[in-house]
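> Below you'll find protein24.txt; it's compact mmCIF, C-alpha atoms and all ligand atoms.
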# COMPACT_ATOMS: atom_id res chain seq x y z
CA MET A 1 -11.74 17.61 41.97
CA ARG A 2 -13.76 15.73 39.40
CA CYS A 3 -12.80 15.51 35.73
CA PRO A 4 -15.73 16.90 33.71
CA LYS A 5 -15.10 14.39 30.93
CA CYS A 6 -14.52 10.98 32.55
CA LYS A 7 -15.95 11.92 36.00
CA LYS A 8 -12.86 10.54 37.68
CA ASP A 9 -12.29 12.01 41.16
CA GLU A 10 -8.75 13.11 41.60
CA GLU A 11 -6.38 14.77 43.99
CA LEU A 12 -3.79 16.89 42.26
CA ARG A 13 -0.36 17.39 43.74
CA LEU A 14 1.10 20.88 43.55
CA ILE A 15 4.86 21.01 43.41
CA GLN A 16 7.14 23.79 44.64
CA GLN A 17 7.26 25.30 41.17
CA ASN A 18 3.47 25.68 41.16
CA LEU A 19 3.55 27.36 44.55
CA ARG A 20 6.22 29.78 43.32
CA GLU A 21 4.12 30.59 40.26
CA LEU A 22 1.10 31.12 42.46
CA SER A 23 2.93 33.59 44.64
CA LEU A 24 4.62 35.45 41.77
CA LEU A 25 1.86 35.44 39.18
CA GLY A 26 -1.27 34.88 41.24
CA SER A 27 -2.22 31.69 39.42
CA THR A 28 -0.81 28.38 38.28
CA SER A 29 -1.89 25.42 36.19
CA ILE A 30 -1.45 21.70 36.47
CA ALA A 31 -2.51 19.04 34.03
CA SER A 32 -3.44 15.41 34.61
CA TYR A 33 -3.00 12.81 31.93
CA HIS A 34 -6.14 10.67 31.49
CA ILE A 35 -4.90 8.60 28.51
CA ASP A 36 -7.37 9.76 25.85
CA HIS A 37 -7.73 13.29 27.21
CA THR A 38 -5.96 15.61 29.60
CA LEU A 39 -7.48 17.55 32.47
CA ILE A 40 -6.13 21.07 32.94
CA VAL A 41 -6.75 22.87 36.20
CA ASN A 42 -6.02 26.52 36.80
CA ILE A 43 -5.73 27.61 40.41
CA ASP A 44 -5.49 30.99 42.10
CA ARG A 45 -5.13 31.89 45.76
CA ARG A 46 -8.81 31.32 46.40
CA GLY A 47 -8.92 27.88 44.81
CA ILE A 48 -9.86 26.35 41.48
CA ARG A 49 -10.43 29.00 38.84
CA SER A 50 -11.09 26.79 35.85
CA LEU A 51 -11.28 23.12 34.94
CA THR A 52 -10.99 22.20 31.30
CA THR A 53 -10.19 19.11 29.29
CA CYS A 54 -8.01 18.76 26.28
CA ASP A 55 -9.21 16.09 23.90
CA PRO A 56 -7.48 14.20 22.33
CA SER A 57 -4.54 14.01 24.67
CA SER A 58 -2.09 14.51 21.81
CA SER A 59 -2.97 18.19 21.67
CA LEU A 60 -1.19 18.49 24.99
CA VAL A 61 -0.27 21.70 26.66
CA TYR A 62 3.49 21.37 26.51
CA SER A 63 4.56 23.70 29.27
CA VAL A 64 2.12 22.73 32.03
CA ASN A 65 3.29 20.48 34.86
CA THR A 66 1.48 17.22 34.30
CA GLN A 67 0.44 14.53 36.70
CA VAL A 68 0.65 10.97 35.37
CA GLY A 69 -0.62 8.59 38.03
CA GLU A 70 1.50 9.10 41.15
CA PHE A 71 4.23 10.98 39.24
CA VAL A 72 4.34 14.72 38.55
CA ILE A 73 6.24 15.85 35.47
CA MET A 74 7.82 19.31 35.64
CA ARG A 75 7.52 21.08 32.33
CA SER A 76 8.27 24.71 32.83
CA PRO A 77 10.29 26.42 31.60
CA THR A 78 10.83 23.92 28.80
CA LEU A 79 14.24 24.05 27.16
CA ASP A 80 14.95 22.38 23.88
CA LEU A 81 18.07 20.32 24.33
CA ASN A 82 19.33 17.78 21.88
CA PRO A 83 19.10 14.85 22.65
CA GLY A 84 17.25 15.89 25.82
CA ILE A 85 17.27 14.46 29.32
CA ILE A 86 14.57 13.14 31.65
CA LEU A 87 15.43 13.17 35.35
CA VAL A 88 13.38 11.24 37.87
CA ASP A 89 13.38 11.47 41.64
CA LEU A 90 12.16 7.93 42.31
CA ARG A 91 11.39 8.50 45.97
CA GLU A 92 9.39 11.71 45.56
CA LYS A 93 7.86 10.58 42.25
CA LEU A 94 8.90 13.84 40.67
CA VAL A 95 10.05 13.99 37.07
CA ASP A 96 12.04 16.87 35.66
CA ALA A 97 11.38 16.98 31.91
CA ARG A 98 12.29 20.61 31.38
CA LEU A 99 15.25 19.59 29.24
CA LEU A 100 13.13 17.69 26.79
CA ALA A 101 11.35 19.26 23.84
CA ASN A 102 8.83 16.46 23.36
CA ASN A 103 6.23 16.22 26.10
CA LEU A 104 4.89 12.95 24.72
CA TYR A 105 8.25 11.31 25.32
CA ALA A 106 8.08 12.42 28.94
CA ILE A 107 4.58 11.04 29.40
CA SER A 108 5.25 7.74 27.66
CA PHE A 109 8.49 7.27 29.60
CA VAL A 110 6.69 7.81 32.90
CA ARG A 111 3.97 5.33 31.91
CA PHE A 112 6.69 2.81 31.10
CA LEU A 113 8.34 3.51 34.44
CA GLN A 114 5.09 2.93 36.34
CA LYS A 115 4.91 -0.58 34.92
CA ASN A 116 8.59 -1.48 34.94
CA ALA A 117 10.39 0.51 37.64
CA SER A 118 10.96 -2.48 39.91
CA SER A 119 12.40 -4.65 37.15
CA MET A 120 14.59 -2.01 35.55
CA ALA A 121 18.35 -2.38 35.76
CA SER A 122 20.31 0.54 37.21
CA ARG A 123 21.86 1.19 33.84
CA GLY A 124 21.42 0.11 30.26
CA ILE A 125 19.35 0.62 27.18
CA ILE A 126 15.62 0.23 27.29
CA ARG A 127 12.93 0.59 24.68
CA ALA A 128 9.79 2.32 25.90
CA TYR A 129 6.91 2.56 23.44
CA GLY A 130 9.20 2.57 20.42
CA ILE A 131 11.75 5.06 21.75
CA LYS A 132 15.20 3.93 22.82
CA TYR A 133 16.63 5.41 26.02
CA LEU A 134 19.89 5.10 27.81
CA VAL A 135 19.09 4.93 31.52
CA LYS A 136 21.30 5.22 34.52
CA SER A 137 20.30 5.54 38.12
CA ASN A 138 21.86 5.92 41.51
CA GLU A 139 19.79 5.25 44.61
CA ASP A 140 17.47 8.24 44.28
CA ILE A 141 17.79 9.63 40.80
CA LEU A 142 17.22 8.09 37.43
CA VAL A 143 18.51 9.73 34.26
CA ALA A 144 17.01 8.78 30.89
CA ILE A 145 18.33 10.06 27.59
CA PRO A 146 16.47 9.34 24.36
CA ILE A 147 18.99 8.01 21.87
CA GLY A 148 18.87 7.32 18.17
CA ASP A 149 20.08 4.12 16.58
CA ALA A 150 23.44 5.76 15.98
CA GLY A 151 24.64 4.90 19.46
CA ALA A 152 24.92 6.08 22.97
CA ASN A 153 28.53 7.20 23.41
CA ASN A 154 27.89 10.80 24.30
CA ALA A 155 24.74 9.85 26.21
CA GLU A 156 26.85 7.55 28.42
CA ASP A 157 29.10 10.45 29.39
CA VAL A 158 26.16 12.74 30.05
CA ALA A 159 24.33 10.16 32.15
CA GLU A 160 27.46 9.40 34.12
CA LYS A 161 28.20 13.02 34.85
CA VAL A 162 24.62 14.00 35.68
CA THR A 163 24.03 11.10 38.10
CA SER A 164 27.29 11.82 39.90
CA SER A 165 26.74 15.61 40.15
CA ILE A 166 23.11 16.08 41.16
CA GLN A 167 22.75 17.02 44.81
CA ASP A 168 19.22 18.38 44.98
CA PHE A 169 16.02 17.71 43.17
CA PRO A 170 14.78 19.41 41.06
CA PRO A 171 18.34 19.94 39.92
CA ASP A 172 19.97 23.17 38.89
CA ILE A 173 19.21 23.21 35.17
CA CYS A 174 21.89 25.83 34.45
CA MET A 175 24.47 23.48 35.93
CA ILE A 176 23.34 20.67 33.65
CA LEU A 177 23.39 22.91 30.59
CA ARG A 178 26.93 24.01 31.44
CA MET A 179 27.93 20.40 31.89
CA MET A 180 26.50 19.50 28.47
CA LYS A 181 28.52 22.23 26.84
CA GLU A 182 31.73 20.90 28.33
CA LEU A 183 31.16 17.37 27.03
ZN ZN N 201 -10.72 12.66 32.78
How does the structure come out when it is put into structure tokens?

Amino acid sequence: MRCPKCKKDEELRLIQQNLRELSLLGSTSIASYHIDHTLIVNIDRRGIRSLTTCDPSSSLVYSVNTQVGEFVIMRSPTLDLNPGIILVDLREKLVDARLLANNLYAISFVRFLQKNASSMASRGIIRAYGIKYLVKSNEDILVAIPIGDAGANNAEDVAEKVTSSIQDFPPDICMILRMMKEL
């Protein structure tokens, strides 16, 4: 499809969650981040139903799965968890940001990842566009937890437990929430 604002031609990737929505509700939406605006596409079984842009990008639709370059960020249902967790399947380029209230954090983290993925250590603290994250990854999955200046003690435990427990991607969110409660 072609973005009506910047005329960029683009292929959008539907993820399993979109297909489920399509079969249950008859339609689904996916957004694509174009830096100063966002393209929002609504699809039904017959194809594209509407194509709109959201300008500026900061007035983002928080609960729509959003494509950022080759990555797709899952955003629904969005659960507000403090401090929040971003999970990334590095191979499939799929990002689970359902456990993060702030969509802008998810987008800026993915943009950081696009530039720095190859040079990132498998664990440690990084600063991406002014936000500090504790990151930990095993071969396939990267966990990023936004942390304040106060420290990363609890985040370390969470990251450790999540990376060692996730079997499938997207992960079972209920399992992660239970895990958080136990820590
Ligand atoms: Zn555009």
> Starting from the point (-8.6, 19.4, 35.9), work out which residues of protein, DNA or RNA have an atom no more than 7 Å away when counting all atoms listed in the file; state them as a ChimeraX atom specification.
/A:3,31-32,39-41,51-53
> Within 9 Å of ligand ZN 201 (chain N), which residues of chain A come that close, and what is the closest atom pair and distance in Å for each? Count all atoms listed in the file and give it as JSON lines.

{"residue": "A:Arg2", "atom": "CA", "partner": "N:ZN201", "partner_atom": "ZN", "distance": 7.9}
{"residue": "A:Cys3", "atom": "CA", "partner": "N:ZN201", "partner_atom": "ZN", "distance": 4.6}
{"residue": "A:Pro4", "atom": "CA", "partner": "N:ZN201", "partner_atom": "ZN", "distance": 6.6}
{"residue": "A:Lys5", "atom": "CA", "partner": "N:ZN201", "partner_atom": "ZN", "distance": 5.1}
{"residue": "A:Cys6", "atom": "CA", "partner": "N:ZN201", "partner_atom": "ZN", "distance": 4.2}
{"residue": "A:Lys7", "atom": "CA", "partner": "N:ZN201", "partner_atom": "ZN", "distance": 6.2}
{"residue": "A:Lys8", "atom": "CA", "partner": "N:ZN201", "partner_atom": "ZN", "distance": 5.8}
{"residue": "A:Asp9", "atom": "CA", "partner": "N:ZN201", "partner_atom": "ZN", "distance": 8.6}
{"residue": "A:Ser32", "atom": "CA", "partner": "N:ZN201", "partner_atom": "ZN", "distance": 8.0}
{"residue": "A:Tyr33", "atom": "CA", "partner": "N:ZN201", "partner_atom": "ZN", "distance": 7.8}
{"residue": "A:His34", "atom": "CA", "partner": "N:ZN201", "partner_atom": "ZN", "distance": 5.2}
{"residue": "A:Ile35", "atom": "CA", "partner": "N:ZN201", "partner_atom": "ZN", "distance": 8.3}
{"residue": "A:Asp36", "atom": "CA", "partner": "N:ZN201", "partner_atom": "ZN", "distance": 8.2}
{"residue": "A:His37", "atom": "CA", "partner": "N:ZN201", "partner_atom": "ZN", "distance": 6.4}
{"residue": "A:Thr38", "atom": "CA", "partner": "N:ZN201", "partner_atom": "ZN", "distance": 6.4}
{"residue": "A:Leu39", "atom": "CA", "partner": "N:ZN201", "partner_atom": "ZN", "distance": 5.9}
{"residue": "A:Thr53", "atom": "CA", "partner": "N:ZN201", "partner_atom": "ZN", "distance": 7.4}
> From the set A:Ser23, A:Ser164, A:Val64, A:Phe169, which residue has the shortest atom-to-atom contact distance to A:Arg91, counting all atoms listed in the file?
A:Phe169
> Find, counting only C-alpha atoms, the residue in A:Gln67, A:Ser50, A:Ser27, A:Asn103 that gets nearest to A:Gly84.
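Looking only at the distances to A:Gly84, the closest residue turns out to be A:Asn103.
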> I need the residue nearest A:Gly148 from this list: A:Val162, A:Leu99, A:Ile125, A:Val110. Use all atoms listed in the file for the distance.
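Selected residue with least distance to A:Gly148: A:Ile125.
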> Please put the answer as AutoDock Vina command-line options: centre and edge lengths, in Å with one decimal, of a box along x, y and z that encloses all listed atoms of stretch 111-128 of chain A plus 4 Å on each side.

--center_x 12.9 --center_y 0.3 --center_z 32.3 --size_x 25.9 --size_y 18.0 --size_z 23.2
> Which distance in Å separates atom CA of A:Leu142 and atom CA of A:Leu90, to one decimal?
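If I compute the distance from atom CA of A:Leu142 to atom CA of A:Leu90, I get 7.0 Å.
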> Interatomic distance between atom CA of A:Lys115 and atom CA of A:Ile141?
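Atom CA of A:Ile141 lies 17.5 Å from atom CA of A:Lys115.
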> When distances are computed from only C-alpha atoms, which of A:Ile147, A:Ile73, A:Ile85, A:Ala117 shows the smallest separation from A:Gly130?
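So, comparing all the options, the nearest one is A:Ile147.
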> Which of these residues is nearest to A:Asn154, using only C-alpha atoms: A:Tyr62, A:Leu183, A:Arg127, A:Lys136?
A:Leu183
> With distances taken over all atoms listed in the file, which residue among A:Leu81, A:Ala128, A:Ala97, A:Val88 lies nearest A:Arg111?
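Checking each of A:Leu81, A:Ala128, A:Ala97, A:Val88 against A:Arg111, counting all atoms listed in the file, the winner is A:Ala128.
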> Name all residues at most 9 Å from A:Leu14 (count only C-alpha atoms; drop same-chain ones fewer than 6 positions away) and give them as an mmCIF file with C-alpha atoms, keeping the file's coordinate frame.

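result-v8.cif, freshly written:
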data_model
loop_
_atom_site.group_PDB
_atom_site.id
_atom_site.type_symbol
_atom_site.label_atom_id
_atom_site.label_comp_id
_atom_site.auth_asym_id
_atom_site.auth_seq_id
_atom_site.Cartn_x
_atom_site.Cartn_y
_atom_site.Cartn_z
ATOM 1 C CA ILE A 30 -1.450 21.700 36.470
ATOM 2 C CA ASN A 65 3.290 20.480 34.860
ATOM 3 C CA VAL A 72 4.340 14.720 38.550
#
> What is the distance, in Å and to one decimal place, between atom CA of A:Arg98 and atom CA of A:Pro146?
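According to the coordinates, atom CA of A:Arg98 and atom CA of A:Pro146 are separated by 13.9 Å.
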> List every residue of stretch 73-107 of chain A that has an atom at most 12 Å from any atom of stretch 10-13 of chain A, and for each one report the closest atom pair and its distance in Å to one decimal, counting only C-alpha atoms, with rows sorted by chain and then by increasing residue number, as a Markdown table.

| residue | atom | partner | partner_atom | distance |
| --- | --- | --- | --- | --- |
| A:Ile73 | CA | A:Arg13 | CA | 10.7 |
| A:Met74 | CA | A:Arg13 | CA | 11.7 |
| A:Glu92 | CA | A:Arg13 | CA | 11.4 |
| A:Lys93 | CA | A:Arg13 | CA | 10.8 |
| A:Leu94 | CA | A:Arg13 | CA | 10.4 |
> Tell me which protein, DNA and RNA residues are within 6 Å of A:Val143, counting all atoms listed in the file, leaving out same-chain ones fewer than 4 positions away, and put them as a list in words.
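My reading of the contact set: Ile86, Leu87, Val135, Lys136 and Ser137 of chain A.
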> Provide stretch 128-169 of chain A of the preceding structure as a file containing N, CA and C atoms, as a short mmCIF file (atom, residue, chain, number, x, y, z; two decimals), in the first residue's frame.

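Listed below is the output, part_31.cif:
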data_model
loop_
_atom_site.label_atom_id
_atom_site.label_comp_id
_atom_site.auth_asym_id
_atom_site.auth_seq_id
_atom_site.Cartn_x
_atom_site.Cartn_y
_atom_site.Cartn_z
N ALA A 128 18.76 4.53 25.86
CA ALA A 128 18.23 4.70 24.52
C ALA A 128 17.33 5.93 24.50
N TYR A 129 17.76 6.95 23.79
CA TYR A 129 17.01 8.20 23.69
C TYR A 129 16.55 8.72 25.05
N GLY A 130 17.51 8.76 25.98
CA GLY A 130 17.23 9.37 27.28
C GLY A 130 16.60 8.45 28.31
N ILE A 131 16.22 7.24 27.93
CA ILE A 131 15.61 6.32 28.89
C ILE A 131 16.61 5.20 29.19
N LYS A 132 16.73 4.89 30.47
CA LYS A 132 17.67 3.84 30.87
C LYS A 132 16.94 2.49 30.92
N TYR A 133 17.55 1.48 30.34
CA TYR A 133 16.96 0.14 30.34
C TYR A 133 17.97 -0.88 30.85
N LEU A 134 17.44 -1.85 31.56
CA LEU A 134 18.25 -3.01 31.85
C LEU A 134 17.92 -4.02 30.75
N VAL A 135 18.93 -4.53 30.06
CA VAL A 135 18.64 -5.52 29.03
C VAL A 135 19.33 -6.84 29.34
N LYS A 136 18.66 -7.88 28.94
CA LYS A 136 19.24 -9.21 29.08
C LYS A 136 18.72 -10.03 27.92
N SER A 137 19.60 -10.81 27.30
CA SER A 137 19.09 -11.63 26.21
C SER A 137 19.69 -13.02 26.26
N ASN A 138 18.91 -13.99 25.81
CA ASN A 138 19.49 -15.29 25.54
C ASN A 138 19.61 -15.34 24.02
N GLU A 139 19.72 -16.48 23.41
CA GLU A 139 19.97 -16.49 21.97
C GLU A 139 18.85 -15.86 21.14
N ASP A 140 17.60 -16.10 21.56
CA ASP A 140 16.48 -15.66 20.73
C ASP A 140 15.72 -14.47 21.28
N ILE A 141 15.71 -14.36 22.61
CA ILE A 141 14.83 -13.36 23.21
C ILE A 141 15.59 -12.32 24.00
N LEU A 142 15.19 -11.08 23.77
CA LEU A 142 15.79 -9.98 24.51
C LEU A 142 14.72 -9.36 25.41
N VAL A 143 15.10 -9.15 26.66
CA VAL A 143 14.18 -8.52 27.62
C VAL A 143 14.74 -7.15 27.95
N ALA A 144 13.91 -6.13 27.89
CA ALA A 144 14.35 -4.78 28.26
C ALA A 144 13.37 -4.21 29.26
N ILE A 145 13.92 -3.70 30.36
CA ILE A 145 13.07 -3.15 31.42
C ILE A 145 13.49 -1.71 31.67
N PRO A 146 12.57 -0.75 31.44
CA PRO A 146 12.94 0.63 31.72
C PRO A 146 13.18 0.80 33.23
N ILE A 147 14.29 1.41 33.58
CA ILE A 147 14.57 1.57 35.01
C ILE A 147 14.83 3.03 35.33
N GLY A 148 14.50 3.41 36.54
CA GLY A 148 14.78 4.77 36.98
C GLY A 148 16.22 4.83 37.46
N ASP A 149 16.62 5.99 37.94
CA ASP A 149 17.99 6.13 38.44
C ASP A 149 18.19 5.40 39.76
N ALA A 150 17.10 5.03 40.39
CA ALA A 150 17.17 4.40 41.70
C ALA A 150 17.93 3.07 41.69
N GLY A 151 17.94 2.40 40.55
CA GLY A 151 18.68 1.15 40.51
C GLY A 151 17.91 0.06 39.82
N ALA A 152 18.58 -1.07 39.69
CA ALA A 152 18.02 -2.11 38.84
C ALA A 152 17.91 -3.45 39.56
N ASN A 153 17.86 -3.43 40.88
CA ASN A 153 17.87 -4.70 41.62
C ASN A 153 16.73 -5.62 41.26
N ASN A 154 15.51 -5.09 41.39
CA ASN A 154 14.35 -5.90 41.08
C ASN A 154 14.30 -6.25 39.60
N ALA A 155 14.70 -5.29 38.77
CA ALA A 155 14.70 -5.50 37.32
C ALA A 155 15.63 -6.66 36.95
N GLU A 156 16.74 -6.78 37.65
CA GLU A 156 17.68 -7.89 37.40
C GLU A 156 16.99 -9.24 37.60
N ASP A 157 16.26 -9.33 38.73
CA ASP A 157 15.56 -10.58 39.03
C ASP A 157 14.50 -10.89 37.98
N VAL A 158 13.76 -9.85 37.60
CA VAL A 158 12.70 -10.03 36.61
C VAL A 158 13.30 -10.49 35.28
N ALA A 159 14.34 -9.79 34.85
CA ALA A 159 14.96 -10.11 33.56
C ALA A 159 15.50 -11.54 33.55
N GLU A 160 16.12 -11.90 34.67
CA GLU A 160 16.69 -13.24 34.81
C GLU A 160 15.61 -14.30 34.68
N LYS A 161 14.53 -14.09 35.43
CA LYS A 161 13.46 -15.07 35.47
C LYS A 161 12.73 -15.17 34.13
N VAL A 162 12.47 -14.01 33.53
CA VAL A 162 11.74 -14.01 32.26
C VAL A 162 12.56 -14.68 31.17
N THR A 163 13.85 -14.34 31.05
CA THR A 163 14.66 -14.95 29.98
C THR A 163 14.81 -16.46 30.17
N SER A 164 14.80 -16.90 31.44
CA SER A 164 14.96 -18.35 31.63
C SER A 164 13.64 -19.11 31.52
N SER A 165 12.50 -18.43 31.57
CA SER A 165 11.21 -19.14 31.56
C SER A 165 10.47 -19.14 30.23
N ILE A 166 10.76 -18.17 29.37
CA ILE A 166 9.97 -18.07 28.14
C ILE A 166 10.28 -19.22 27.18
N GLN A 167 9.22 -19.92 26.78
CA GLN A 167 9.39 -21.02 25.84
C GLN A 167 8.93 -20.61 24.44
N ASP A 168 7.80 -19.92 24.40
CA ASP A 168 7.23 -19.55 23.10
C ASP A 168 7.19 -18.04 22.97
N PHE A 169 7.04 -17.61 21.74
CA PHE A 169 6.88 -16.19 21.50
C PHE A 169 5.74 -15.97 20.53
#
